[in-house]
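K.L.:
Got a structure here, written out as structure tokens. Questions coming.
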Amino acid sequence: MSATAAPATADQAGKPKEAKKNRLSGGFFRFVLTRFLLIIPTVFILVTVVFFVMRATGDPISAALGGRLTPQELQARIHAAGYDKPLIVQYFEYLGNLLHGDLGTTMTDNQPVVSILARYGSATFELAFLALIVALVVGIGLGRVAARRRDHAADAGIRTFAILCYATPVFFLGLILKLIFAIWLNVLPASGRSSLATEMQFSRLVSPTGFYIIDALQLGDMNVLADVLRHAVLPALALGLLTAGVFIRLVRTNVISTFNSGYVEAARSRGVSERRLLGKHAWRPALIPIITVMGMQIAMMLAGAVLTETTFEWKGLGFMLSQYLKARDFVAVQGIVILIAIIVAVVNFIVDVIAALIDPRVRY
Amino acid sequence: MAKANASRTAISNDERLGNLRLRRKSAWAKLPIVKQLRVAVGWQKGMLVTGLVLCAFFLIVALFAPAIAPYGHAQIKDASGSFPAQAAPSAKHIWGTTAGGFDVFSRVVWGTRTAIIAIIVAVLLSIFAGVLLGLVSGYFGGWVDRVLVMIADAIYSFPSLLLAILMAIMISHGQSGLWSGILASGISITVVYIPQYFRTIRAEVIRIKESAYIESARVVGASTWRIMTKHLFKNSTRTLPVILTLNSSEAILTLAGLGFLGFGIEPTAAAEWGYDLNRSVSDVTAGIWWTAVFPGLAIVLVVLGITLVGESLNDLADPRLRARKSAGEVVGSIEDTSVDEKEGTSARNEVIAELDAAGNPIAAKPVATVTDYDEAFRASEWTGEGDTGNRGEE
């Protein structure tokens with residue numbers, strides 16, 4: 001497979017002038033393929049762990065409906081759903097269904113779990129995307145300042161800020177932001193993704209994407225867009241600052257270590273300006289670990305989204321997860337958790353590919 | 001001793017190395033935190049001290065919770081009648097009361113206890129399991145190693161809070177009492193952090209298992225168990241204090257996260273900050289701030305304290321990150337060659353502090369990065385002074 005596809009990627013890469021270049025591109029393609037195939041065991045292990053952990057306590061029907069039905073009814077429901085079969089049989093059935101994209105049906109409101117992703121996934125992605133922007137702007141900006149002003153007051157201040165960001169639970173930060181901006185100052189909405197009027201506007205759309213910012217742009221109504229953005233500020237800030245703390249540390253450490261390396265010293269002795277040294281010479285090599293950790297942080301962000309969405313009643317996957325947790329609907333919980341596991345695995349794959357694009361040394 | 005040192009330095013008229021007083025290291029000075037405390041300088045020392053003070057403060061609060069808290073963690077009335085609900089801070093309830101009529105101050109104080117017990121359970125369990133698995137996996141290799149690494153990587157990449165939720169469902173089906181609740185939270189957190197210890201220990205073991213002293217131990221017929229416990233274990237735990245502190249702060253956050261989602265400990269069984277914050281979400285919308293702010297601040301301060309200690313330990317272990325205001329003074333002598341006469345030298349700087357702490361006058365190398373660094377290696381062995389005294393852990 002790689003033999004036929006390698007020249008194609010080489011052509012796409014732009015300048016397939018030398019045989020050496022060709023080989024490199026082939027290596028890159030092979031790296032992407034291997035890395036892609038690695039998703040399968042990762043997801044498989046997680047599905048297995050999740051399945052057995054969830055089943056270790058018994059069947060989900062008794063958990064969700066126990067006490068509300070008579071034992072006979074309960075038994076009938078359990079039998080109908082196949083939860084009285086041997087665990088290993090259930091496991092393989094679950095895996096089989098998963099391959100067809102079937103994650104089960106929720107106990108409490110009888111919806112396919114996949115439809116939950118379709119309905120609420122966009123909200124979570126929108127939140128995570130906005131939070132990532134906050135984290136990157138704050139993290140990279142302050143991290144570079146801290147690296148440049150190392151051991152000075154600015155550095156100490158920024159580092160303290162980073163540790164504070166990390167030390168504050170996202171839901172507490174959310175509550176404080178809410179208290180200050182929504183209750184005391186009353187300048188921003190306290191919860192939800194948009195006001196009722198905006199929801200009404202969205203219902204006019206022929207093909208709503210679920211991403212409210214895109215939908216608002218589709219409508220072309222500036223008031224709607226402003227309303228959506230006003231609702232997004234506090235949740236994105238809460239979730240973004242949590243991650244920004246990690247980014248500040250990471251950027252600072254990596255820029256400092258590349259800044260001290262020999263080739264930066266050499267460039268400095270040739271008279272390259274400090275600004276250019278920081279922006280170009282020390283920056284690019286420092287980027288690789290930053291991107292790798294960014295991938296891991298996206299996973300953490302999804303967990304943070306569960307808490308942020310609960311705090312702000314932001315109706316996304318995380319909010320639904322906490323609702324189903326409260327209702328003890330473990331089929332839904334299991335489905336959403338596996339969905340998140342797949343998302344995390346795919347995001348990590350993309351991040352690794354980007355890292356390989358930037359740094360050829362990563363490829364193997 | 002001054003002479004011996006002076007003859008070794010090439011810098012003329014520089015008596016500082018000669019005047020260096022090498023103190024004998026007491027057992028006290030060899031304790032992990034104390035050693036770092038002596039090496040740290042400047043604001044880095046400030047960070048470490050602040051962190052230690054915060055940690056000590058919360059430890060004391062946890063220990064003396066019964067004496068500090070005016071009421072019980074689930075007390076809603078006293079001799080003079082029921083507590084008012086959502087009462088603002090007053091003389092009787094200095095931090096106010098919650099919607100359920102609990103005294104906020106008492107709940108925060110009792111919550112310290114829950115948090116610290118949960119950390120201890122979680123950290124002890126995950127160290128035990130992670131270190132054991134790491135040793136076995138790293139030393140034996142083979143398919144066991146490959147399978148373990150794969151599982152650890154899969155779990156590591158997974159959002160830890162979600163995993164903790166799953167574990168909490170499995171262990172306690174959600175709600176539970178004090179000890180079962182703390183154990184459930186502790187074990188849930190443990191599972192999340194085992195991969196971290198596993199990875200670190202495994203990497204160290206793989207690095208040092210090829211070294212000569214392991215080889216020779218094998219040659220003289222030491223058993224596998226002895227090699228693993230005596231040689232590999234002791235030398236691969238170098239980075240553990242750092243991971244340990246950072247993990248305990250994450251453990252608090254995970255515990256609070258579980259509590260916030262309603263998967264912690266029942267309010268009647270014990271006070272838990274995350275649960276209190278969960279209850280305060282609706283209070284905040286009504287402008288009632290005291291039920292949210294105090295438990296939240298408690299979480300922030302505990303995590304801040306532990307993180308400050310962890311970060312400082314991490315930085316001190318990594319020479320590239322250590323504060324380096326005056327690193328060149330003795331060895332590099334930047335100031336000595338400076339044309340600017342105002343450039344002074346300070347009597348005591350980081351290098352000297354470190355030399356003192358390491359008890360090793362020649363190797364000014366950062367202590368923690370020396371491969372196979374032996375804690376028991378003492379200054380006397382370098383200077384040839386007769387000191388056969390305590391060789392620590394041997």
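Numbering starts fresh at 1 for the residues of each chain in the structure tokens, the chains themselves are lettered A, B, ... in the order given, and ligands are numbered from 1 as they appear.
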I'd like the neighbourhood of Arg119 in chain A as number ranges by chain, where a residue qualifies if any of its atoms comes within 10 Å (using only C-alpha atoms), though same-chain residues fewer than 5 positions away should be ignored.
P.N.:
A: 114, 209-210, 315-317
K.L.:
Would you mind exporting the chosen residues as a PDB file, in the first residue's frame, restricted to C-alpha atoms?
P.N.:
```
ATOM      1  CA  VAL A 114     -25.300   8.470  18.739  1.00  0.00           C
ATOM      2  CA  THR A 209     -25.222  23.451  12.021  1.00  0.00           C
ATOM      3  CA  GLY A 210     -25.568  23.471  15.795  1.00  0.00           C
ATOM      4  CA  LYS A 315     -26.108  22.167  26.815  1.00  0.00           C
ATOM      5  CA  GLY A 316     -23.321  20.056  25.378  1.00  0.00           C
ATOM      6  CA  LEU A 317     -22.057  16.490  25.757  1.00  0.00           C
TER       7      LEU A 317
END
```
K.L.:
Distance cut-off 8 Å, counting only C-alpha atoms - which residues of chain A neighbour chain B? Return them as a PDB file with C-alpha atoms, in the first residue's frame.
P.N.:
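Everything below was put into result-v2.pdb:
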```pdb
ATOM      1  CA  THR A  42      -6.217   2.359  22.050  1.00  0.00           C
ATOM      2  CA  VAL A  43      -9.952   2.619  21.494  1.00  0.00           C
ATOM      3  CA  ILE A  45      -8.617  -1.134  25.255  1.00  0.00           C
ATOM      4  CA  LEU A  46     -10.687   1.798  26.469  1.00  0.00           C
ATOM      5  CA  VAL A  50     -15.226   0.938  30.204  1.00  0.00           C
ATOM      6  CA  VAL A  53     -16.057  -1.427  34.757  1.00  0.00           C
ATOM      7  CA  MET A  54     -19.635  -0.430  34.056  1.00  0.00           C
ATOM      8  CA  ARG A  55     -20.922  -4.001  34.134  1.00  0.00           C
ATOM      9  CA  ALA A  56     -19.049  -4.920  37.289  1.00  0.00           C
ATOM     10  CA  THR A  57     -21.822  -3.378  39.341  1.00  0.00           C
ATOM     11  CA  ASP A 151      13.757  35.546  36.898  1.00  0.00           C
ATOM     12  CA  ALA A 156       7.478  35.497  38.924  1.00  0.00           C
ATOM     13  CA  ILE A 163      -0.135  28.127  39.143  1.00  0.00           C
ATOM     14  CA  LEU A 164      -3.284  29.899  40.300  1.00  0.00           C
ATOM     15  CA  ALA A 167      -4.986  25.355  41.208  1.00  0.00           C
ATOM     16  CA  THR A 168      -8.472  26.732  40.685  1.00  0.00           C
ATOM     17  CA  PRO A 169     -11.067  24.073  39.879  1.00  0.00           C
ATOM     18  CA  PHE A 172     -15.110  27.327  41.095  1.00  0.00           C
ATOM     19  CA  LEU A 175     -18.904  30.310  39.776  1.00  0.00           C
ATOM     20  CA  ILE A 176     -16.696  33.276  40.653  1.00  0.00           C
ATOM     21  CA  LYS A 178     -20.617  34.217  37.201  1.00  0.00           C
ATOM     22  CA  LEU A 179     -20.861  35.951  40.556  1.00  0.00           C
ATOM     23  CA  ILE A 183     -24.721  38.861  39.252  1.00  0.00           C
ATOM     24  CA  TRP A 184     -22.804  41.793  40.715  1.00  0.00           C
ATOM     25  CA  ALA A 190     -25.155  33.802  33.796  1.00  0.00           C
ATOM     26  CA  THR A 253      10.147  26.065  29.929  1.00  0.00           C
ATOM     27  CA  SER A 257      15.668  25.663  27.016  1.00  0.00           C
ATOM     28  CA  MET A 296      -3.202  15.867  25.787  1.00  0.00           C
ATOM     29  CA  ALA A 299      -8.399  15.466  26.296  1.00  0.00           C
ATOM     30  CA  MET A 300      -8.278  17.267  29.637  1.00  0.00           C
ATOM     31  CA  LEU A 302     -13.177  17.545  27.364  1.00  0.00           C
ATOM     32  CA  ALA A 303     -13.182  16.507  31.012  1.00  0.00           C
ATOM     33  CA  LEU A 307     -17.660  20.551  34.737  1.00  0.00           C
ATOM     34  CA  THR A 311     -21.670  25.109  35.915  1.00  0.00           C
ATOM     35  CA  SER A 322     -23.858  14.927  34.164  1.00  0.00           C
ATOM     36  CA  LYS A 326     -27.774  12.069  38.023  1.00  0.00           C
ATOM     37  CA  VAL A 337     -17.674   8.159  27.682  1.00  0.00           C
ATOM     38  CA  ALA A 341     -12.567   8.226  24.204  1.00  0.00           C
ATOM     39  CA  VAL A 344      -9.571  11.878  22.271  1.00  0.00           C
ATOM     40  CA  ALA A 345      -7.836   9.126  20.292  1.00  0.00           C
TER      41      ALA A 345
END
```
K.L.:
Tell me which of A:Phe161, A:Phe125, A:Tyr83, A:Tyr94 sits closest to Val138 in chain A, counting only C-alpha atoms.
P.N.:
A:Phe161
K.L.:
Quick one: of B:Arg218, B:Lys230, B:Arg113, B:Lys45, who's nearest to Val61 in chain B, counting only C-alpha atoms?
P.N.:
B:Arg113
K.L.:
Would you pick out the contacts of range 180-195 of chain B at 6 Å or less, using only C-alpha atoms, so that residues sharing its chain but fewer than 2 positions from it are not included, and give the list as a PyMOL selection string?
P.N.:
chain B and resi 118+121-122+126+130+152+160+164+167-168+171+176-178+197-199+265
K.L.:
For the selection you just gave me, I'd like the residues written to a file as a PDB file, in the first residue's frame, keeping C-alpha atoms.
P.N.:
```pdb
ATOM      1  CA  ALA B 118      -8.351  11.069  50.290  1.00  0.00           C
ATOM      2  CA  VAL B 121      -5.182   6.941  50.329  1.00  0.00           C
ATOM      3  CA  ALA B 122      -4.908   7.807  46.647  1.00  0.00           C
ATOM      4  CA  SER B 126      -1.132   4.483  43.266  1.00  0.00           C
ATOM      5  CA  GLY B 130       2.441   1.923  39.884  1.00  0.00           C
ATOM      6  CA  ALA B 152      -1.142   2.459  30.571  1.00  0.00           C
ATOM      7  CA  SER B 160      -8.889  11.417  34.201  1.00  0.00           C
ATOM      8  CA  ALA B 164     -12.695   8.500  38.040  1.00  0.00           C
ATOM      9  CA  MET B 167     -14.558   3.924  38.930  1.00  0.00           C
ATOM     10  CA  ALA B 168     -16.837   5.716  41.383  1.00  0.00           C
ATOM     11  CA  ILE B 171     -17.041   0.957  43.506  1.00  0.00           C
ATOM     12  CA  SER B 176     -21.614   6.422  50.073  1.00  0.00           C
ATOM     13  CA  GLY B 177     -20.552   7.074  53.643  1.00  0.00           C
ATOM     14  CA  LEU B 178     -17.357   8.540  55.078  1.00  0.00           C
ATOM     15  CA  TYR B 197       4.056   6.214  38.254  1.00  0.00           C
ATOM     16  CA  PHE B 198       4.250   3.174  36.031  1.00  0.00           C
ATOM     17  CA  ARG B 199       5.692   5.133  33.113  1.00  0.00           C
ATOM     18  CA  ILE B 265     -19.435  11.558  49.809  1.00  0.00           C
TER      19      ILE B 265
END
```
K.L.:
Compare A:Ser269, A:Thr243, A:Thr292, A:Thr160 by their minimum atom-to-atom distance to Leu130 in chain A, counting only C-alpha atoms, and give me the closest one.
P.N.:
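Nearest to Leu130 in chain A: A:Thr243.
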K.L.:
What's the separation between CA of Ser211 in chain B and CA of Gly142 in chain B, in Å to one decimal place?
P.N.:
19.2 Å
K.L.:
Select from range 78-239 of chain B everything DSSP, run on the backbone, classes as helix (DSSP H, G or I), then give the selection as a PyMOL selection string.
P.N.:
chain B and resi 104-140+142-156+160-172+178-208+212-219+224-236
K.L.:
What would the file look like if the residues just selected were written as an mmCIF file, in the first residue's frame with C-alpha atoms?
P.N.:
```
data_model
loop_
_atom_site.group_PDB
_atom_site.id
_atom_site.type_symbol
_atom_site.label_atom_id
_atom_site.label_comp_id
_atom_site.auth_asym_id
_atom_site.auth_seq_id
_atom_site.Cartn_x
_atom_site.Cartn_y
_atom_site.Cartn_z
ATOM 1 C CA VAL B 104 -20.103 26.912 56.175
ATOM 2 C CA PHE B 105 -17.036 27.451 58.352
ATOM 3 C CA SER B 106 -17.427 24.094 60.067
ATOM 4 C CA ARG B 107 -17.960 22.299 56.748
ATOM 5 C CA VAL B 108 -14.821 23.851 55.281
ATOM 6 C CA VAL B 109 -12.777 22.860 58.333
ATOM 7 C CA TRP B 110 -14.097 19.293 58.354
ATOM 8 C CA GLY B 111 -13.625 19.136 54.584
ATOM 9 C CA THR B 112 -9.881 19.576 55.084
ATOM 10 C CA ARG B 113 -9.848 16.252 56.850
ATOM 11 C CA THR B 114 -11.701 14.494 54.030
ATOM 12 C CA ALA B 115 -9.403 15.998 51.431
ATOM 13 C CA ILE B 116 -6.213 15.015 53.192
ATOM 14 C CA ILE B 117 -7.333 11.468 53.927
ATOM 15 C CA ALA B 118 -8.351 11.069 50.290
ATOM 16 C CA ILE B 119 -4.942 12.313 49.113
ATOM 17 C CA ILE B 120 -3.108 9.937 51.400
ATOM 18 C CA VAL B 121 -5.182 6.941 50.329
ATOM 19 C CA ALA B 122 -4.908 7.807 46.647
ATOM 20 C CA VAL B 123 -1.201 8.547 46.641
ATOM 21 C CA LEU B 124 -0.191 5.530 48.711
ATOM 22 C CA LEU B 125 -2.236 3.129 46.621
ATOM 23 C CA SER B 126 -1.132 4.483 43.266
ATOM 24 C CA ILE B 127 2.531 4.600 44.257
ATOM 25 C CA PHE B 128 2.387 1.034 45.472
ATOM 26 C CA ALA B 129 0.663 -0.315 42.377
ATOM 27 C CA GLY B 130 2.441 1.923 39.884
ATOM 28 C CA VAL B 131 5.939 1.320 41.238
ATOM 29 C CA LEU B 132 5.446 -2.426 41.433
ATOM 30 C CA LEU B 133 4.099 -2.653 37.893
ATOM 31 C CA GLY B 134 6.809 -0.328 36.614
ATOM 32 C CA LEU B 135 9.578 -2.413 38.186
ATOM 33 C CA VAL B 136 8.216 -5.680 36.844
ATOM 34 C CA SER B 137 7.466 -4.283 33.416
ATOM 35 C CA GLY B 138 10.775 -2.489 33.025
ATOM 36 C CA TYR B 139 12.955 -5.278 34.364
ATOM 37 C CA PHE B 140 11.417 -8.265 32.626
ATOM 38 C CA GLY B 142 8.746 -8.968 26.826
ATOM 39 C CA TRP B 143 5.063 -9.211 26.052
ATOM 40 C CA VAL B 144 3.983 -8.372 29.608
ATOM 41 C CA ASP B 145 5.787 -5.083 29.230
ATOM 42 C CA ARG B 146 4.231 -4.357 25.850
ATOM 43 C CA VAL B 147 0.693 -5.091 27.024
ATOM 44 C CA LEU B 148 1.116 -3.046 30.211
ATOM 45 C CA VAL B 149 2.555 -0.100 28.316
ATOM 46 C CA MET B 150 -0.296 -0.167 25.855
ATOM 47 C CA ILE B 151 -2.925 -0.235 28.600
ATOM 48 C CA ALA B 152 -1.142 2.459 30.571
ATOM 49 C CA ASP B 153 -0.912 4.674 27.491
ATOM 50 C CA ALA B 154 -4.568 4.187 26.673
ATOM 51 C CA ILE B 155 -5.601 5.074 30.220
ATOM 52 C CA TYR B 156 -3.146 7.946 30.376
ATOM 53 C CA SER B 160 -8.889 11.417 34.201
ATOM 54 C CA LEU B 161 -12.133 12.777 35.594
ATOM 55 C CA LEU B 162 -14.220 10.532 33.333
ATOM 56 C CA LEU B 163 -12.228 7.513 34.414
ATOM 57 C CA ALA B 164 -12.695 8.500 38.040
ATOM 58 C CA ILE B 165 -16.461 8.777 37.436
ATOM 59 C CA LEU B 166 -16.525 5.267 35.997
ATOM 60 C CA MET B 167 -14.558 3.924 38.930
ATOM 61 C CA ALA B 168 -16.837 5.716 41.383
ATOM 62 C CA ILE B 169 -19.858 4.118 39.729
ATOM 63 C CA MET B 170 -18.214 0.722 39.915
ATOM 64 C CA ILE B 171 -17.041 0.957 43.506
ATOM 65 C CA SER B 172 -19.902 2.637 45.268
ATOM 66 C CA LEU B 178 -17.357 8.540 55.078
ATOM 67 C CA TRP B 179 -14.876 5.715 54.818
ATOM 68 C CA SER B 180 -16.427 3.883 51.910
ATOM 69 C CA GLY B 181 -16.811 7.232 50.154
ATOM 70 C CA ILE B 182 -13.232 8.260 50.792
ATOM 71 C CA LEU B 183 -12.001 4.824 49.779
ATOM 72 C CA ALA B 184 -14.094 4.942 46.622
ATOM 73 C CA SER B 185 -12.797 8.386 45.725
ATOM 74 C CA GLY B 186 -9.276 7.356 46.667
ATOM 75 C CA ILE B 187 -9.363 4.229 44.533
ATOM 76 C CA SER B 188 -10.980 6.079 41.632
ATOM 77 C CA ILE B 189 -8.178 8.617 41.733
ATOM 78 C CA THR B 190 -5.605 5.842 42.154
ATOM 79 C CA VAL B 191 -6.545 4.124 38.925
ATOM 80 C CA VAL B 192 -6.079 7.393 37.098
ATOM 81 C CA TYR B 193 -2.576 7.981 38.422
ATOM 82 C CA ILE B 194 -1.116 4.467 38.302
ATOM 83 C CA PRO B 195 -0.017 4.951 34.668
ATOM 84 C CA GLN B 196 2.032 8.024 35.599
ATOM 85 C CA TYR B 197 4.056 6.214 38.254
ATOM 86 C CA PHE B 198 4.250 3.174 36.031
ATOM 87 C CA ARG B 199 5.692 5.133 33.113
ATOM 88 C CA THR B 200 8.238 7.011 35.185
ATOM 89 C CA ILE B 201 9.505 3.999 37.079
ATOM 90 C CA ARG B 202 9.565 1.823 33.980
ATOM 91 C CA ALA B 203 11.617 4.378 32.042
ATOM 92 C CA GLU B 204 14.114 4.688 34.893
ATOM 93 C CA VAL B 205 14.374 0.924 35.327
ATOM 94 C CA ILE B 206 15.030 0.392 31.630
ATOM 95 C CA ARG B 207 17.729 3.051 31.756
ATOM 96 C CA ILE B 208 19.572 1.652 34.745
ATOM 97 C CA ALA B 212 27.407 -2.110 35.543
ATOM 98 C CA TYR B 213 26.296 -2.455 39.121
ATOM 99 C CA ILE B 214 23.149 -4.336 38.188
ATOM 100 C CA GLU B 215 25.250 -6.529 35.970
ATOM 101 C CA SER B 216 27.671 -7.243 38.809
ATOM 102 C CA ALA B 217 24.860 -7.868 41.271
ATOM 103 C CA ARG B 218 23.571 -10.480 38.881
ATOM 104 C CA VAL B 219 27.025 -11.972 38.502
ATOM 105 C CA THR B 224 15.865 -11.129 41.046
ATOM 106 C CA TRP B 225 13.819 -9.948 44.007
ATOM 107 C CA ARG B 226 16.882 -8.456 45.657
ATOM 108 C CA ILE B 227 17.995 -6.708 42.493
ATOM 109 C CA MET B 228 14.546 -5.283 42.033
ATOM 110 C CA THR B 229 13.998 -4.072 45.561
ATOM 111 C CA LYS B 230 17.528 -3.123 46.511
ATOM 112 C CA HIS B 231 19.165 -1.852 43.376
ATOM 113 C CA LEU B 232 16.485 -0.912 40.901
ATOM 114 C CA PHE B 233 13.854 0.420 43.294
ATOM 115 C CA LYS B 234 16.160 2.644 45.277
ATOM 116 C CA ASN B 235 17.724 4.172 42.211
ATOM 117 C CA SER B 236 14.625 4.660 40.155
#
```
K.L.:
Fewer than 4 positions away in the same chain doesn't count, so skip those; otherwise give me all residues within 9 Å of Ile350 in chain A, counting only C-alpha atoms, as number ranges by chain.
P.N.:
A: 36, 295, 345-346, 354-355
K.L.:
Calculate how many Å separate CA of Leu225 in chain A from CA of Ser194 in chain A, rounding to one decimal.
P.N.:
9.5 Å
K.L.:
Taking the chain letters and numbering used in this document, name the residues of range 65-140 of chain B that DSSP puts in strand (DSSP E), as number ranges by chain.
P.N.:
B: 77-78, 81-82
K.L.:
Which one of A:His231, A:Ile256, A:Gly27, A:Leu38 sits closest to Asn348 in chain A if you count only C-alpha atoms?
P.N.:
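Looking at the shortest contact to Asn348 in chain A, the residue is A:Leu38.
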